[in-house]
Structure formats: structure tokens, C-alpha cells
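Engineer: Following this line is data-v4.txt, made up of compact mmCIF, C-alpha atoms:
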```
# COMPACT_ATOMS: atom_id res chain seq x y z
CA ALA L 1 -2.72 -5.10 10.89
CA ALA L 2 -1.44 -1.80 12.21
CA GLY L 3 -1.03 -0.25 8.77
CA PRO L 4 1.94 1.82 7.59
CA LEU L 5 1.07 4.94 9.63
CA LEU L 6 0.55 3.33 13.02
CA SER L 7 3.53 1.04 12.41
CA ALA L 8 5.78 4.11 12.06
CA LEU L 9 4.21 6.49 14.58
CA PRO L 10 5.60 6.13 18.13
CA PHE L 11 3.27 6.28 21.12
CA ARG L 12 4.15 7.76 24.49
CA ASN L 13 2.55 5.92 27.39
CA ILE L 14 1.43 8.52 29.91
CA GLU L 15 -0.29 8.53 33.30
CA GLY L 16 -3.45 10.49 33.89
CA ASN L 17 -5.69 11.94 31.21
CA GLY L 18 -3.31 14.21 29.32
CA LEU L 19 0.21 15.32 28.48
CA PHE L 20 1.64 18.71 29.52
CA TRP L 21 4.88 20.20 28.29
CA LYS L 22 6.69 23.46 27.63
CA ARG L 23 7.36 24.37 24.00
CA GLU L 24 10.43 26.45 23.28
CA GLU L 25 9.39 29.54 21.32
CA SER L 26 12.72 31.42 21.27
CA LEU L 27 16.23 31.00 22.67
CA PRO L 28 17.95 33.48 25.00
CA ASP L 29 20.48 35.88 23.55
CA VAL L 30 24.22 35.31 24.06
CA GLY L 31 27.23 37.55 23.59
CA PHE L 32 30.61 38.65 24.84
CA ARG L 33 31.60 41.02 27.63
CA ASN L 34 34.56 43.23 28.35
CA TYR L 35 36.74 42.82 31.41
CA ASN L 36 34.81 43.96 34.49
CA GLY L 37 31.75 44.21 32.26
CA ALA L 38 28.46 42.40 32.61
CA LEU L 39 26.66 40.03 30.29
CA ALA L 40 23.22 41.14 29.18
CA GLU L 41 20.27 39.37 30.79
CA SER L 42 18.22 37.25 28.44
CA TYR L 43 15.70 34.45 28.84
CA ALA L 44 14.24 31.73 26.69
CA GLU L 45 10.58 32.13 25.83
CA VAL L 46 8.42 29.08 26.36
CA SER L 47 4.70 28.39 26.08
CA GLN L 48 2.71 25.89 28.10
CA GLN L 49 1.16 23.20 25.89
CA SER L 50 -1.22 20.35 26.65
CA GLU L 51 -2.91 17.49 24.86
CA SER L 52 -5.73 15.45 26.39
CA LEU L 53 -6.47 11.79 25.82
CA LYS L 54 -9.63 10.91 23.90
CA LEU L 55 -11.88 7.91 24.50
CA PHE L 56 -11.94 5.94 21.26
CA GLY L 57 -13.62 2.63 20.49
CA GLY L 58 -16.98 0.89 20.25
CA ASP L 59 -19.19 -1.94 21.45
CA ILE L 60 -19.61 -5.26 19.62
CA LYS L 61 -22.87 -7.14 20.01
CA VAL L 62 -23.12 -10.71 18.74
CA ASP L 63 -26.26 -12.83 19.04
CA ARG L 64 -25.72 -15.61 21.56
CA ALA L 65 -27.20 -18.14 19.09
CA ILE L 66 -24.50 -17.31 16.51
CA VAL L 67 -21.75 -18.04 19.04
CA ASP L 68 -23.47 -21.24 20.19
CA MET L 69 -23.85 -22.55 16.64
CA GLU L 70 -20.73 -21.16 14.91
CA GLY L 71 -18.32 -21.11 17.80
CA ALA L 72 -16.12 -18.43 19.37
CA GLU L 73 -14.57 -17.66 15.97
CA ALA L 74 -17.72 -15.73 14.99
CA LYS L 75 -17.21 -13.28 17.86
CA ALA L 76 -13.44 -13.15 17.32
CA TYR L 77 -14.04 -12.07 13.73
CA GLN L 78 -16.27 -9.22 14.89
CA ILE L 79 -13.59 -8.06 17.35
CA GLN L 80 -10.93 -8.14 14.64
CA SER L 81 -13.20 -6.15 12.33
CA ARG L 82 -13.78 -3.55 15.03
CA VAL L 83 -10.05 -3.15 15.66
CA ARG L 84 -9.42 -2.82 11.91
CA ALA L 85 -12.14 -0.16 11.69
CA MET L 86 -10.54 1.70 14.59
CA ARG L 87 -7.20 1.71 12.80
CA MET L 88 -8.71 3.09 9.60
CA ALA L 89 -10.73 5.70 11.50
CA TRP L 90 -7.62 6.75 13.47
CA GLU L 91 -5.70 7.25 10.21
CA SER L 92 -8.46 9.59 9.05
CA LEU L 93 -8.43 11.49 12.36
CA PHE L 94 -4.63 11.86 12.08
CA ILE L 95 -5.31 14.13 9.08
CA ASN L 96 -8.90 15.36 9.41
CA GLY L 97 -9.71 15.29 13.13
CA ASP L 98 -11.29 18.57 14.28
CA SER L 99 -12.21 19.14 17.92
CA ASN L 100 -14.15 22.28 16.96
CA GLN L 101 -16.53 20.13 14.93
CA SER L 102 -16.47 17.14 17.28
CA PRO L 103 -15.09 17.93 20.78
CA SER L 104 -14.70 14.24 21.62
CA GLU L 105 -11.97 13.73 18.97
CA PHE L 106 -8.43 15.05 18.73
CA ASP L 107 -7.21 17.59 16.19
CA GLY L 108 -5.53 16.20 13.08
CA LEU L 109 -2.77 17.81 11.05
CA ALA L 110 -5.17 19.80 8.84
CA ALA L 111 -6.61 21.57 11.89
CA ARG L 112 -3.16 22.19 13.39
CA ILE L 113 -1.48 23.54 10.24
CA GLN L 114 -3.67 26.14 8.61
CA SER L 115 -3.10 28.90 6.07
CA GLY L 116 -0.85 31.60 7.52
CA SER L 117 1.29 29.18 9.51
CA SER L 118 5.03 29.06 8.83
CA GLN L 119 4.54 25.31 8.23
CA TYR L 120 1.88 25.82 5.54
CA PHE L 121 3.16 25.77 1.96
CA THR L 122 1.02 26.50 -1.10
CA ASN L 123 1.57 24.39 -4.18
CA GLY L 124 -0.66 26.66 -6.26
CA GLY L 125 -3.29 24.18 -7.41
CA GLY L 126 -1.27 22.69 -10.27
CA ALA L 127 0.99 19.67 -10.63
CA LEU L 128 3.21 18.93 -7.65
CA ASP L 129 6.07 21.45 -7.49
CA LEU L 130 9.15 19.58 -6.26
CA GLY L 131 10.69 22.89 -5.20
CA VAL L 132 7.78 23.54 -2.82
CA LEU L 133 7.98 19.95 -1.58
CA ASP L 134 11.71 20.27 -0.92
CA GLU L 135 11.18 23.54 0.96
CA ALA L 136 8.54 21.95 3.17
CA VAL L 137 10.76 18.93 3.87
CA ASP L 138 13.65 21.23 4.80
CA ASN L 139 11.40 23.20 7.15
CA VAL L 140 10.53 20.14 9.24
CA ASP L 141 12.79 19.68 12.25
CA ALA L 142 13.90 16.04 12.46
CA GLN L 143 16.76 16.33 14.95
CA GLY L 144 16.17 13.27 17.10
CA GLY L 145 13.20 12.16 14.99
CA ARG L 146 12.47 10.44 11.68
CA LYS L 147 10.99 12.23 8.67
CA TYR L 148 8.17 10.80 6.56
CA LEU L 149 5.99 12.06 3.73
CA VAL L 150 2.29 11.28 4.23
CA MET L 151 0.13 11.33 1.11
CA SER L 152 -2.62 9.59 -0.82
CA LYS L 153 -1.96 6.88 -3.38
CA SER L 154 -2.81 9.28 -6.21
CA ALA L 155 -0.32 11.83 -4.86
CA ARG L 156 2.29 9.09 -4.53
CA ARG L 157 1.81 8.22 -8.18
CA ALA L 158 2.12 11.90 -9.13
CA LEU L 159 5.31 12.22 -7.07
CA SER L 160 6.72 9.11 -8.71
CA ARG L 161 6.03 10.51 -12.19
CA GLN L 162 7.60 13.84 -11.23
CA ALA L 163 10.75 12.56 -9.59
CA ARG L 164 11.47 9.42 -11.63
CA THR L 165 13.34 11.34 -14.30
CA ASN L 166 15.79 12.99 -11.91
CA THR L 167 16.62 9.90 -9.80
CA GLN L 168 15.23 11.38 -6.57
CA ILE L 169 12.91 8.38 -6.22
CA GLU L 170 14.05 4.98 -5.02
CA ILE L 171 12.28 1.85 -3.89
CA ALA L 172 13.37 0.42 -0.54
CA ARG L 173 12.07 -2.27 1.78
CA ASN L 174 10.78 -1.30 5.20
CA GLU L 175 11.38 -3.25 8.40
CA PHE L 176 8.48 -5.57 7.53
CA GLY L 177 9.89 -6.43 4.11
CA TYR L 178 7.35 -4.44 2.08
CA GLN L 179 8.36 -2.16 -0.77
CA GLN L 180 8.28 1.54 0.13
CA LEU L 181 8.75 4.62 -2.02
CA VAL L 182 11.52 6.94 -0.82
CA TYR L 183 11.85 10.53 -2.04
CA ALA L 184 15.21 12.28 -1.43
CA GLY L 185 15.85 9.95 1.51
CA VAL L 186 12.37 10.45 3.06
CA PRO L 187 10.09 7.38 3.15
CA VAL L 188 6.52 7.78 1.89
CA LEU L 189 3.53 6.62 3.97
CA GLU L 190 0.30 6.15 2.02
CA LEU L 191 -3.18 6.76 3.42
CA ASP L 192 -6.13 5.43 1.45
CA ARG L 193 -9.67 5.29 2.86
CA ASP L 194 -11.31 5.30 6.27
CA HIS L 195 -13.64 2.69 7.77
CA LYS L 196 -16.59 4.20 5.87
CA ASN L 197 -14.76 3.92 2.53
CA VAL L 198 -14.24 7.70 2.35
CA ALA L 199 -10.96 8.94 0.88
CA ILE L 200 -8.78 10.45 3.61
CA LEU L 201 -6.60 12.78 1.54
CA ASP L 202 -7.83 12.71 -2.05
CA SER L 203 -11.59 13.07 -1.95
CA ASP L 204 -10.76 15.58 -4.69
CA PRO L 205 -7.60 14.31 -6.44
CA ALA L 206 -7.22 17.68 -8.17
CA ALA L 207 -7.02 19.59 -4.87
CA GLN L 208 -5.32 17.61 -2.12
CA ASP L 209 -2.60 18.02 0.49
CA ILE L 210 0.69 16.31 1.24
CA TYR L 211 2.27 16.32 4.69
CA CYS L 212 5.85 16.03 5.82
CA VAL L 213 6.19 14.88 9.43
CA SER L 214 8.91 14.06 11.91
CA PHE L 215 7.99 11.20 14.25
CA GLY L 216 9.61 11.00 17.68
CA ASN L 217 8.87 11.41 21.39
CA ASP L 218 9.89 15.08 21.22
CA HIS L 219 8.43 15.73 17.76
CA LEU L 220 5.07 14.38 16.53
CA THR L 221 3.90 11.43 18.59
CA GLY L 222 0.84 9.51 19.57
CA ILE L 223 -0.10 9.38 23.25
CA GLN L 224 -1.95 6.67 25.12
CA ASN L 225 -2.75 5.44 28.62
CA GLY L 226 -2.29 1.73 28.07
CA GLY L 227 -3.00 0.04 24.76
CA VAL L 228 -6.23 -1.09 23.13
CA ASN L 229 -8.46 -2.52 25.86
CA VAL L 230 -10.88 -5.38 25.05
CA ARG L 231 -13.44 -6.07 27.79
CA GLU L 232 -16.09 -8.78 27.90
CA LEU L 233 -19.30 -7.34 29.36
CA GLY L 234 -21.29 -10.56 29.22
CA GLU L 235 -24.84 -11.10 27.95
CA SER L 236 -27.29 -8.22 27.68
CA PHE L 237 -30.38 -8.34 29.90
CA ALA L 238 -32.50 -6.77 27.17
CA GLN L 239 -31.53 -9.07 24.29
CA PRO L 240 -29.73 -12.41 23.84
CA GLN L 241 -26.51 -10.70 22.76
CA LEU L 242 -22.94 -11.03 24.02
CA ILE L 243 -21.34 -7.60 24.41
CA THR L 244 -17.63 -6.85 23.99
CA ARG L 245 -16.24 -3.33 24.44
CA VAL L 246 -13.09 -2.26 22.57
CA GLU L 247 -11.64 1.02 23.85
CA TRP L 248 -8.42 2.99 23.53
CA TYR L 249 -7.44 6.09 25.51
CA CYS L 250 -5.34 7.86 22.91
CA GLY L 251 -4.44 11.16 21.26
CA LEU L 252 -1.93 12.99 19.11
CA ALA L 253 0.68 15.46 20.39
CA LEU L 254 2.70 17.91 18.29
CA ILE L 255 5.51 18.46 20.80
CA ASN L 256 7.72 20.42 18.40
CA GLY L 257 5.81 22.99 16.38
CA ARG L 258 8.15 22.39 13.44
CA ALA L 259 7.65 18.62 13.39
CA ALA L 260 5.04 18.77 10.64
CA ALA L 261 4.46 20.75 7.44
CA ARG L 262 1.58 20.88 4.96
CA ILE L 263 1.79 21.28 1.18
CA ALA L 264 -1.67 22.44 0.05
CA GLY L 265 -3.28 22.51 -3.35
CA VAL L 266 -1.71 19.57 -5.19
CA ASP L 267 -3.38 18.41 -8.40
CA ALA L 268 -2.46 14.75 -8.83
CA THR L 269 -4.40 14.39 -12.06
CA VAL L 270 -2.07 16.43 -14.27
CA ASP L 271 1.48 15.84 -15.42
CA PRO L 272 4.08 18.60 -15.04
CA SER L 273 4.62 20.71 -18.13
```
Once more with this new file: its structure as C-alpha cells, please.
Structural biologist:
Amino acid sequence: AAGPLLSALPFRNIEGNGLFWKREESLPDVGFRNYNGALAESYAEVSQQSESLKLFGGDIKVDRAIVDMEGAEAKAYQIQSRVRAMRMAWESLFINGDSNQSPSEFDGLAARIQSGSSQYFTNGGGALDLGVLDEAVDNVDAQGGRKYLVMSKSARRALSRQARTNTQIEIARNEFGYQQLVYAGVPVLELDRDHKNVAILDSDPAAQDIYCVSFGNDHLTGIQNGGVNVRELGESFAQPQLITRVEWYCGLALINGRAAARIAGVDATVDPS
């Protein structure tokens, strides 16, 4: 299954090994002129941005004897498990990816939105402050995109406790028929654990982050050159193993710098006073 994050996140199919675009930093000035007067010259400021595709996947090796005795289903299960692990690992990279630590992976939201950024909001280390959350949500540009809140299950429970009394929380059904928490009109996407059973957002429930994002082709989007590629490499010469390679050329692009915001320092273990 794609999971709630990858079900909501759009992917731009691109050619080549990366995406290049111009980000608007400031608009040109405008004004009036007198008769026979001139309008002042002014230009928009743009910056050149780029995002490269990363090579993501792994090899599956299944003993030939297992396939001969148990059938093709044994190998199919291993392929399905690999794809599921890729999905869970990608969800972790969406938040915690850091190309400075591992150049072969893409940067996640934590690396892109750091302290000092206009999109970084400090909760103060206590219970979730709905005022800070509202400010962060308002600061995310969703014109032409769709806003979501991305958080851990423990943060979702804390938000539910906080907002239940003032009717800002509602339960809706998404396009797949599953129940989904909605805060002030913004659906909540939950992230739990990665493929190694490590918590993605709440390794420390008393000091975790919540993200507000705007998904769209001109906002925050995944990028890929084709989809997940499954290739049969045949039997190894060194060992009696059938080798299958699962690979995905993918990445993450923050097209609009205001398409994501981070609320840092949320303690989901305490109730508001």
C-alpha cells in the first residue's frame, strides 16, 4: 500500500536526472505616472533552483530451491516486502533526509526548514500551542495546492485533545474511505515508523515537530523519472540465488519556498493547562 503520505503527495514525471526552475523571490514595483511622465523601472527577483533525482531501491535474492519448492509466490512476497520497506523508508526521508550526512539521499523537510527560517515556528517545548499552529498554517501558501498537516500519532492525539473542546476538529473520510482527522479544514497525515521500526517524528514524544505542507506541482512535490522499476536479473553465478532489482529514480522538490512550515518543540505527553 502507498500509505497516506505517498497517496496524497503528487509526483512530477521529468526527463533527465533533475528538475530546474526559477523561484520568485520578490515582485517588481508598480505605480502611477503623470502625463508625459515615465514609470519607474523595476524587475522581479528570481533565484535559480534545482533538485536532482536520487537512485533508491535494493536487490532481492531468493534461493532457487525455495522458488522451486514453494513456487513463484515466495519470490513475489519478497518483492512486495521490499516495496513496502521502500515506502516506509521514503516516508522517513521525507522528514529526516539529509544530503550532508548521506549525499546519495535527498533532503527532507527538517533539513530544508531550520531555525532562523521564516517558515520555522517555535512551540516552546510545552503542550501544543494552537495559536502557533494556526500561524504556521496561515504562513503556508496553498494557492493552487492542497494543505496538509504531517505529524506523528502521538502528536495527532495531542492535537485531538487540544482542539476537541473548541470544535476545530472533525472526522472526515478520505478518497479511499478511511477516517481522517481534519483540523480547521486541513487534513492530518500521520507518519509512524520507518522500515527499521524507528519512529520518524516522535523518537522523543516530549520534543517533536509538526509540519504543515502544501502539495502541488508548483508547491511541494515529489519528482521521478518513471515509476518503481522491477527488473529480473536472473540467477547468480556465485550462488544458486535468483536476483530481482527494485529501483526508483525519485526525489523531493520544494518549488515554492512557502509551501512548507515547521512547528518545533511540541511536547505530546502533557495536556494544556
Engineer: Rank nothing, just name the residue among L:Tyr183, L:Leu39, L:Ala238, L:Ile200 nearest to Leu149 (chain L), using all atoms listed in the file.
Structural biologist: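 The answer is L:Tyr183, which sits nearest to Leu149 (chain L).
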Engineer: From the options L:Ile169, L:Val46, L:Ala110, L:Ile95, which residue's atoms come nearest to Glu24 (chain L), counting only C-alpha atoms?
Structural biologist: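 Smallest separation from Glu24 (chain L) among the options: L:Val46.
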Engineer: Around region 8-27 of chain L, fit a box with edges along x, y and z, padding it by 6 Å on each side, then list its centre and edge lengths in Å to one decimal as AutoDock Vina command-line options.
Structural biologist:
```
--center_x 5.3 --center_y 17.8 --center_z 23.0 --size_x 33.9 --size_y 39.3 --size_z 33.8
```
Engineer: Around (8.9, 20.8, 2.4) in the file's own coordinates, what residues are found within 10 Å if you use only C-alpha atoms, given back as a JSON list (two decimals) with C-alpha atoms, in the coordinates of the input?
Structural biologist:
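Contents of the output file out.json:
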```json
[["chain", "number", "residue", "atom", "x", "y", "z"],
["L", 119, "GLN", "CA", 4.54, 25.31, 8.23],
["L", 120, "TYR", "CA", 1.88, 25.82, 5.54],
["L", 121, "PHE", "CA", 3.16, 25.77, 1.96],
["L", 130, "LEU", "CA", 9.15, 19.58, -6.26],
["L", 131, "GLY", "CA", 10.69, 22.89, -5.20],
["L", 132, "VAL", "CA", 7.78, 23.54, -2.82],
["L", 133, "LEU", "CA", 7.98, 19.95, -1.58],
["L", 134, "ASP", "CA", 11.71, 20.27, -0.92],
["L", 135, "GLU", "CA", 11.18, 23.54, 0.96],
["L", 136, "ALA", "CA", 8.54, 21.95, 3.17],
["L", 137, "VAL", "CA", 10.76, 18.93, 3.87],
["L", 138, "ASP", "CA", 13.65, 21.23, 4.80],
["L", 139, "ASN", "CA", 11.40, 23.20, 7.15],
["L", 140, "VAL", "CA", 10.53, 20.14, 9.24],
["L", 149, "LEU", "CA", 5.99, 12.06, 3.73],
["L", 210, "ILE", "CA", 0.69, 16.31, 1.24],
["L", 211, "TYR", "CA", 2.27, 16.32, 4.69],
["L", 212, "CYS", "CA", 5.85, 16.03, 5.82],
["L", 213, "VAL", "CA", 6.19, 14.88, 9.43],
["L", 260, "ALA", "CA", 5.04, 18.77, 10.64],
["L", 261, "ALA", "CA", 4.46, 20.75, 7.44],
["L", 262, "ARG", "CA", 1.58, 20.88, 4.96],
["L", 263, "ILE", "CA", 1.79, 21.28, 1.18]]
```
Engineer: Between L:Gly58, L:Gly16, L:Gly226, L:Pro205, which one has atoms that come closest to Ala155 (chain L), using all atoms listed in the file?
Structural biologist: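 Answer, going by the shortest atom-to-atom distance: L:Pro205.
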Engineer: Let me make sure I understand: among L:Tyr77, L:Phe11, L:Trp248, L:Trp90, which one has the smallest atom-to-atom distance to Gly216 (chain L) if we use only C-alpha atoms?
Structural biologist: L:Phe11
Engineer: For Leu27 (chain L), which residue among L:Gln78, L:Thr269, L:Ser42, L:Asn197 is the nearest when counting all atoms listed in the file?
Structural biologist: L:Ser42
Engineer: May I ask for the distance between CA of Leu109 (chain L) and CA of Ala259 (chain L), given in Å to one decimal place?
Structural biologist: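 Atom-to-atom, CA of Leu109 (chain L) and CA of Ala259 (chain L) are spaced 10.7 Å apart.
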Engineer: Using all atoms listed in the file, which residues sit within 10 Å of Ile66 (chain L) once same-chain residues fewer than 5 positions away are excluded, as number ranges by chain?
Structural biologist: L: 71-75, 241-242
Engineer: Grab the CA of Ala44 (chain L) to CA of Ser214 (chain L) distance for me, in Å with one decimal place.
Structural biologist: 23.6 Å
Engineer: Can you spit out region 54-70 of chain L with N, CA and C atoms, as a JSON list (two decimals), in the first residue's frame, from the structure just given?
Structural biologist:
```
[["chain", "number", "residue", "atom", "x", "y", "z"],
["L", 54, "LYS", "N", 17.43, 10.95, -7.08],
["L", 54, "LYS", "CA", 18.26, 10.02, -6.33],
["L", 54, "LYS", "C", 17.90, 8.59, -6.72],
["L", 55, "LEU", "N", 18.88, 7.70, -6.60],
["L", 55, "LEU", "CA", 18.70, 6.30, -7.01],
["L", 55, "LEU", "C", 18.36, 5.49, -5.77],
["L", 56, "PHE", "N", 17.12, 5.04, -5.69],
["L", 56, "PHE", "CA", 16.57, 4.47, -4.46],
["L", 56, "PHE", "C", 16.05, 3.08, -4.72],
["L", 57, "GLY", "N", 16.44, 2.11, -3.90],
["L", 57, "GLY", "CA", 15.92, 0.75, -4.09],
["L", 57, "GLY", "C", 16.78, -0.28, -3.41],
["L", 58, "GLY", "N", 16.78, -1.50, -3.96],
["L", 58, "GLY", "CA", 17.57, -2.58, -3.38],
["L", 58, "GLY", "C", 17.42, -3.86, -4.19],
["L", 59, "ASP", "N", 18.31, -4.79, -3.93],
["L", 59, "ASP", "CA", 18.29, -6.10, -4.59],
["L", 59, "ASP", "C", 17.65, -7.14, -3.68],
["L", 60, "ILE", "N", 16.91, -8.06, -4.29],
["L", 60, "ILE", "CA", 16.27, -9.17, -3.58],
["L", 60, "ILE", "C", 16.89, -10.46, -4.09],
["L", 61, "LYS", "N", 17.40, -11.25, -3.17],
["L", 61, "LYS", "CA", 18.00, -12.53, -3.53],
["L", 61, "LYS", "C", 17.22, -13.66, -2.85],
["L", 62, "VAL", "N", 16.70, -14.57, -3.65],
["L", 62, "VAL", "CA", 15.92, -15.69, -3.15],
["L", 62, "VAL", "C", 16.56, -16.99, -3.63],
["L", 63, "ASP", "N", 16.79, -17.90, -2.72],
["L", 63, "ASP", "CA", 17.40, -19.19, -3.09],
["L", 63, "ASP", "C", 16.53, -19.89, -4.14],
["L", 64, "ARG", "N", 17.19, -20.38, -5.17],
["L", 64, "ARG", "CA", 16.47, -21.05, -6.26],
["L", 64, "ARG", "C", 15.64, -22.22, -5.75],
["L", 65, "ALA", "N", 16.15, -22.93, -4.72],
["L", 65, "ALA", "CA", 15.44, -24.09, -4.19],
["L", 65, "ALA", "C", 14.11, -23.67, -3.56],
["L", 66, "ILE", "N", 14.08, -22.49, -2.92],
["L", 66, "ILE", "CA", 12.83, -22.02, -2.31],
["L", 66, "ILE", "C", 11.77, -21.80, -3.39],
["L", 67, "VAL", "N", 12.17, -21.19, -4.50],
["L", 67, "VAL", "CA", 11.23, -20.95, -5.59],
["L", 67, "VAL", "C", 10.77, -22.26, -6.21],
["L", 68, "ASP", "N", 11.71, -23.20, -6.38],
["L", 68, "ASP", "CA", 11.35, -24.49, -6.98],
["L", 68, "ASP", "C", 10.37, -25.26, -6.10],
["L", 69, "MET", "N", 10.54, -25.19, -4.77],
["L", 69, "MET", "CA", 9.69, -25.98, -3.89],
["L", 69, "MET", "C", 8.43, -25.25, -3.45],
["L", 70, "GLU", "N", 8.49, -23.91, -3.30],
["L", 70, "GLU", "CA", 7.35, -23.17, -2.79],
["L", 70, "GLU", "C", 6.62, -22.37, -3.86]]
```
